[in-house]
Amino acid sequence: MQCVYTMDWRLFRSWRFKSQLRGARLGFNVFWLALGILTLVLGLGGSMFAAVYLLLAAYCLYMALLRWHLKARVQFRRLAAACGGESWTRVVDFLEDRAAVTDGQVRTEYMYADLGSVTERDGQAVLLFPGKARLVVYPAGFTRGTWAECREILLNHCKANSST
């Protein structure tokens with residue numbers, strides 16, 4: 001079975017944005033945003049330390065709103081350089097005991113024995129592996145086999161992994 005789709009900045013950015021809205025990252029973003037608003041209000045209040053408060057507010061708002069975007073851009077540029085361009089074809093081959101992901105000249109393999117769970121949402125399926133590794137596949141992108149067949153095999157591996 002094989003799934004093929006095109007990786008580009010828009011898709012990569014959407015993945016990164018979704019990761020910012022989960023777990024501890026969401027908590028940190030809320031913290032930085034709240035602290036930024038508080039220091040902005042204190043800075044505009046006309047106190048003796050207004051300049052310090054405004055600088056701190058700028059830093060907090062950067063941490064909450066811009067930092068993830070700039071880091072994602074750097075990460076994407078490095079990945080694009082390794083894969084040979086601003087957009088490339090990602091091929092996910094589902095083999096007998098592993099999923100092999102090919103991004104340009106870079107190949108990564110994920111063993112089914114390590115598969116934690118499979119979730120589906122918004123026209124995509126996410127395979128979760130230990131160490132927070134995620135493999136995203138698009139059911140509409142299957143060129144050999146179907147997502148239904150693949151999902152059945154993957155869910156069987158998930159059940160086998162949870163029982164051991």
# chains A, B, ... in the order shown; residues from 1 in each chain; ligands from 1
call {"tool": "select_by_dssp", "arguments": {"residues": "stretch 22-58 of chain A", "states": "helix (DSSP H, G or I)", "output": "number ranges by chain"}}
result
A: 23-44, 50-58
call {"tool": "residues_around", "arguments": {"residues": "A:Tyr112", "least_positions_apart": "2", "cutoff": "9 Å", "atoms": "only C-alpha atoms", "output": "PyMOL selection string"}}
result
chain A and resi 96-99+110+114-116+129+154+157-158+161
call {"tool": "write_last_selection", "arguments": {"atoms": "N, CA and C atoms", "output": "mmCIF file, in the first residue's frame"}}
result
data_model
loop_
_atom_site.group_PDB
_atom_site.id
_atom_site.type_symbol
_atom_site.label_atom_id
_atom_site.label_comp_id
_atom_site.auth_asym_id
_atom_site.auth_seq_id
_atom_site.Cartn_x
_atom_site.Cartn_y
_atom_site.Cartn_z
ATOM 1 N N GLU A 96 5.331 -4.751 5.093
ATOM 2 C CA GLU A 96 4.797 -5.808 5.944
ATOM 3 C C GLU A 96 4.925 -5.507 7.434
ATOM 4 N N ASP A 97 6.076 -4.953 7.845
ATOM 5 C CA ASP A 97 6.301 -4.725 9.269
ATOM 6 C C ASP A 97 6.635 -3.280 9.627
ATOM 7 N N ARG A 98 6.588 -2.393 8.630
ATOM 8 C CA ARG A 98 6.965 -1.007 8.884
ATOM 9 C C ARG A 98 6.373 -0.073 7.830
ATOM 10 N N ALA A 99 6.373 1.203 8.168
ATOM 11 C CA ALA A 99 5.990 2.249 7.212
ATOM 12 C C ALA A 99 7.271 2.976 6.827
ATOM 13 N N TYR A 110 9.337 3.609 10.180
ATOM 14 C CA TYR A 110 8.651 3.484 11.462
ATOM 15 C C TYR A 110 8.143 2.046 11.569
ATOM 16 N N ASP A 114 6.135 -0.446 17.099
ATOM 17 C CA ASP A 114 6.196 0.743 17.963
ATOM 18 C C ASP A 114 4.941 1.604 17.893
ATOM 19 N N LEU A 115 4.007 1.262 17.035
ATOM 20 C CA LEU A 115 2.820 2.089 16.813
ATOM 21 C C LEU A 115 1.967 2.180 18.066
ATOM 22 N N GLY A 116 1.675 3.415 18.477
ATOM 23 C CA GLY A 116 0.877 3.636 19.675
ATOM 24 C C GLY A 116 -0.611 3.722 19.389
ATOM 25 N N PHE A 129 3.670 7.452 17.256
ATOM 26 C CA PHE A 129 4.746 6.558 17.664
ATOM 27 C C PHE A 129 5.386 7.111 18.930
ATOM 28 N N LEU A 154 -3.157 -1.515 10.484
ATOM 29 C CA LEU A 154 -2.559 -0.689 11.531
ATOM 30 C C LEU A 154 -3.269 -0.862 12.869
ATOM 31 N N HIS A 157 -2.195 -3.959 14.560
ATOM 32 C CA HIS A 157 -0.901 -3.779 15.210
ATOM 33 C C HIS A 157 -1.047 -3.003 16.509
ATOM 34 N N CYS A 158 -1.932 -2.017 16.543
ATOM 35 C CA CYS A 158 -2.169 -1.253 17.768
ATOM 36 C C CYS A 158 -2.710 -2.156 18.868
ATOM 37 N N ASN A 161 0.036 -4.385 20.091
ATOM 38 C CA ASN A 161 0.998 -3.641 20.914
ATOM 39 C C ASN A 161 0.451 -3.356 22.310
#
call {"tool": "select_by_dssp", "arguments": {"residues": "stretch 52-107 of chain A", "states": "strand (DSSP E or B)", "output": "list in words"}}
result
Trp88, Thr89, Arg90, Val91, Val92, Asp93, Phe94, Arg98, Ala99, Ala100, Val101, Thr102, Asp103, Val106 and Arg107 of chain A
call {"tool": "residues_around", "arguments": {"residues": "A:Phe12", "least_positions_apart": "4", "cutoff": "9 Å", "atoms": "only C-alpha atoms", "output": "number ranges by chain"}}
result
A: 7-8, 16-17, 72, 76
call {"tool": "residues_around", "arguments": {"residues": "stretch 131-139 of chain A", "least_positions_apart": "6", "cutoff": "9 Å", "atoms": "only C-alpha atoms", "output": "short mmCIF file (atom, residue, chain, number, x, y, z; two decimals) with C-alpha atoms, in the first residue's frame"}}
result
data_model
loop_
_atom_site.label_atom_id
_atom_site.label_comp_id
_atom_site.auth_asym_id
_atom_site.auth_seq_id
_atom_site.Cartn_x
_atom_site.Cartn_y
_atom_site.Cartn_z
CA CYS A 3 0.12 7.04 0.06
CA VAL A 4 1.49 9.99 -1.89
CA TYR A 5 1.06 13.72 -1.25
CA VAL A 92 4.57 6.63 2.48
CA VAL A 101 8.53 7.52 4.44
CA TYR A 110 8.65 3.48 11.46
CA GLY A 123 -9.46 14.19 6.11
CA GLN A 124 -6.17 12.96 7.53
CA ALA A 125 -4.96 10.08 9.64
CA THR A 146 -6.96 1.83 0.13
CA TRP A 147 -6.98 3.57 3.47
CA ALA A 148 -9.59 1.10 4.76
#
call {"tool": "residues_around", "arguments": {"residues": "A:Val30", "least_positions_apart": "3", "cutoff": "12 Å", "atoms": "only C-alpha atoms", "output": "PDB file with N, CA and C atoms, in the first residue's frame"}}
result
ATOM      1  N   GLN A  20       0.667  23.594  18.155  1.00  0.00           N
ATOM      2  CA  GLN A  20       0.707  24.671  19.139  1.00  0.00           C
ATOM      3  C   GLN A  20      -0.555  24.712  19.987  1.00  0.00           C
ATOM      4  N   LEU A  21      -1.595  24.066  19.542  1.00  0.00           N
ATOM      5  CA  LEU A  21      -2.873  24.116  20.248  1.00  0.00           C
ATOM      6  C   LEU A  21      -3.115  22.877  21.100  1.00  0.00           C
ATOM      7  N   ARG A  22      -2.044  22.158  21.451  1.00  0.00           N
ATOM      8  CA  ARG A  22      -2.185  20.928  22.228  1.00  0.00           C
ATOM      9  C   ARG A  22      -1.328  20.968  23.483  1.00  0.00           C
ATOM     10  N   GLY A  23      -1.819  20.326  24.501  1.00  0.00           N
ATOM     11  CA  GLY A  23      -1.056  20.034  25.694  1.00  0.00           C
ATOM     12  C   GLY A  23      -0.356  21.209  26.334  1.00  0.00           C
ATOM     13  N   ALA A  24       0.890  20.962  26.718  1.00  0.00           N
ATOM     14  CA  ALA A  24       1.674  21.963  27.446  1.00  0.00           C
ATOM     15  C   ALA A  24       1.943  23.200  26.593  1.00  0.00           C
ATOM     16  N   ARG A  25       2.090  23.022  25.274  1.00  0.00           N
ATOM     17  CA  ARG A  25       2.340  24.187  24.411  1.00  0.00           C
ATOM     18  C   ARG A  25       1.197  25.190  24.496  1.00  0.00           C
ATOM     19  N   LEU A  26      -0.018  24.685  24.533  1.00  0.00           N
ATOM     20  CA  LEU A  26      -1.169  25.578  24.660  1.00  0.00           C
ATOM     21  C   LEU A  26      -1.095  26.337  25.981  1.00  0.00           C
ATOM     22  N   GLY A  27      -0.751  25.635  27.050  1.00  0.00           N
ATOM     23  CA  GLY A  27      -0.624  26.276  28.355  1.00  0.00           C
ATOM     24  C   GLY A  27       0.452  27.355  28.353  1.00  0.00           C
ATOM     25  N   LEU A  33       0.816  34.915  26.583  1.00  0.00           N
ATOM     26  CA  LEU A  33      -0.155  35.908  26.117  1.00  0.00           C
ATOM     27  C   LEU A  33      -0.720  36.715  27.291  1.00  0.00           C
ATOM     28  N   ALA A  34      -1.092  36.037  28.372  1.00  0.00           N
ATOM     29  CA  ALA A  34      -1.625  36.727  29.546  1.00  0.00           C
ATOM     30  C   ALA A  34      -0.577  37.650  30.165  1.00  0.00           C
ATOM     31  N   LEU A  35       0.653  37.167  30.282  1.00  0.00           N
ATOM     32  CA  LEU A  35       1.720  37.990  30.832  1.00  0.00           C
ATOM     33  C   LEU A  35       2.008  39.184  29.923  1.00  0.00           C
ATOM     34  N   GLY A  36       1.949  38.958  28.612  1.00  0.00           N
ATOM     35  CA  GLY A  36       2.164  40.055  27.663  1.00  0.00           C
ATOM     36  C   GLY A  36       1.104  41.125  27.777  1.00  0.00           C
ATOM     37  N   ILE A  37      -0.141  40.718  27.904  1.00  0.00           N
ATOM     38  CA  ILE A  37      -1.232  41.699  28.043  1.00  0.00           C
ATOM     39  C   ILE A  37      -1.111  42.454  29.364  1.00  0.00           C
ATOM     40  N   CYS A  60       6.989  38.953  25.587  1.00  0.00           N
ATOM     41  CA  CYS A  60       5.940  37.975  25.901  1.00  0.00           C
ATOM     42  C   CYS A  60       5.045  37.719  24.691  1.00  0.00           C
ATOM     43  N   LEU A  61       4.671  38.789  24.003  1.00  0.00           N
ATOM     44  CA  LEU A  61       3.817  38.612  22.820  1.00  0.00           C
ATOM     45  C   LEU A  61       4.561  37.879  21.712  1.00  0.00           C
ATOM     46  N   MET A  63       6.863  35.575  22.264  1.00  0.00           N
ATOM     47  CA  MET A  63       6.886  34.170  22.706  1.00  0.00           C
ATOM     48  C   MET A  63       5.543  33.485  22.448  1.00  0.00           C
ATOM     49  N   ALA A  64       4.451  34.216  22.618  1.00  0.00           N
ATOM     50  CA  ALA A  64       3.127  33.622  22.464  1.00  0.00           C
ATOM     51  C   ALA A  64       2.697  33.511  21.008  1.00  0.00           C
ATOM     52  N   LEU A  65       3.032  34.500  20.184  1.00  0.00           N
ATOM     53  CA  LEU A  65       2.433  34.574  18.856  1.00  0.00           C
ATOM     54  C   LEU A  65       3.389  34.346  17.694  1.00  0.00           C
TER      55      LEU A  65
END
call {"tool": "atom_distance", "arguments": {"atom1": "atom CA of A:Phe31", "atom2": "atom CA of A:Leu44"}}
result
20.0 Å
call {"tool": "atom_distance", "arguments": {"atom1": "atom CA of A:Gln105", "atom2": "atom CA of A:Val91"}}
result
11.0 Å
call {"tool": "decode", "arguments": {"residues": "stretch 109-139 of chain A", "atoms": "C-alpha atoms", "output": "compact mmCIF listing (two decimals), in the first residue's frame"}}
result
# COMPACT_ATOMS: atom_id res chain seq x y z
CA GLU A 109 11.16 3.99 8.67
CA TYR A 110 8.65 3.48 11.46
CA MET A 111 8.13 -0.03 12.82
CA TYR A 112 4.54 -1.14 13.36
CA ALA A 113 5.70 -2.80 16.58
CA ASP A 114 6.20 0.74 17.96
CA LEU A 115 2.82 2.09 16.81
CA GLY A 116 0.88 3.64 19.68
CA SER A 117 -2.41 4.72 18.09
CA VAL A 118 -4.17 5.79 14.92
CA THR A 119 -6.48 8.81 14.90
CA GLU A 120 -8.54 10.24 12.05
CA ARG A 121 -9.72 13.83 11.74
CA ASP A 122 -10.24 16.47 9.05
CA GLY A 123 -9.46 14.19 6.11
CA GLN A 124 -6.17 12.96 7.53
CA ALA A 125 -4.96 10.08 9.64
CA VAL A 126 -2.23 10.46 12.25
CA LEU A 127 -0.11 7.50 13.32
CA LEU A 128 1.41 8.12 16.76
CA PHE A 129 4.75 6.56 17.66
CA PRO A 130 6.82 6.79 20.87
CA GLY A 131 8.84 9.93 21.39
CA LYS A 132 6.02 12.11 20.03
CA ALA A 133 6.76 11.08 16.45
CA ARG A 134 3.72 11.49 14.22
CA LEU A 135 3.17 10.23 10.72
CA VAL A 136 0.37 11.96 8.81
CA VAL A 137 -1.28 10.23 5.86
CA TYR A 138 -4.17 11.35 3.72
CA PRO A 139 -6.77 8.68 2.87
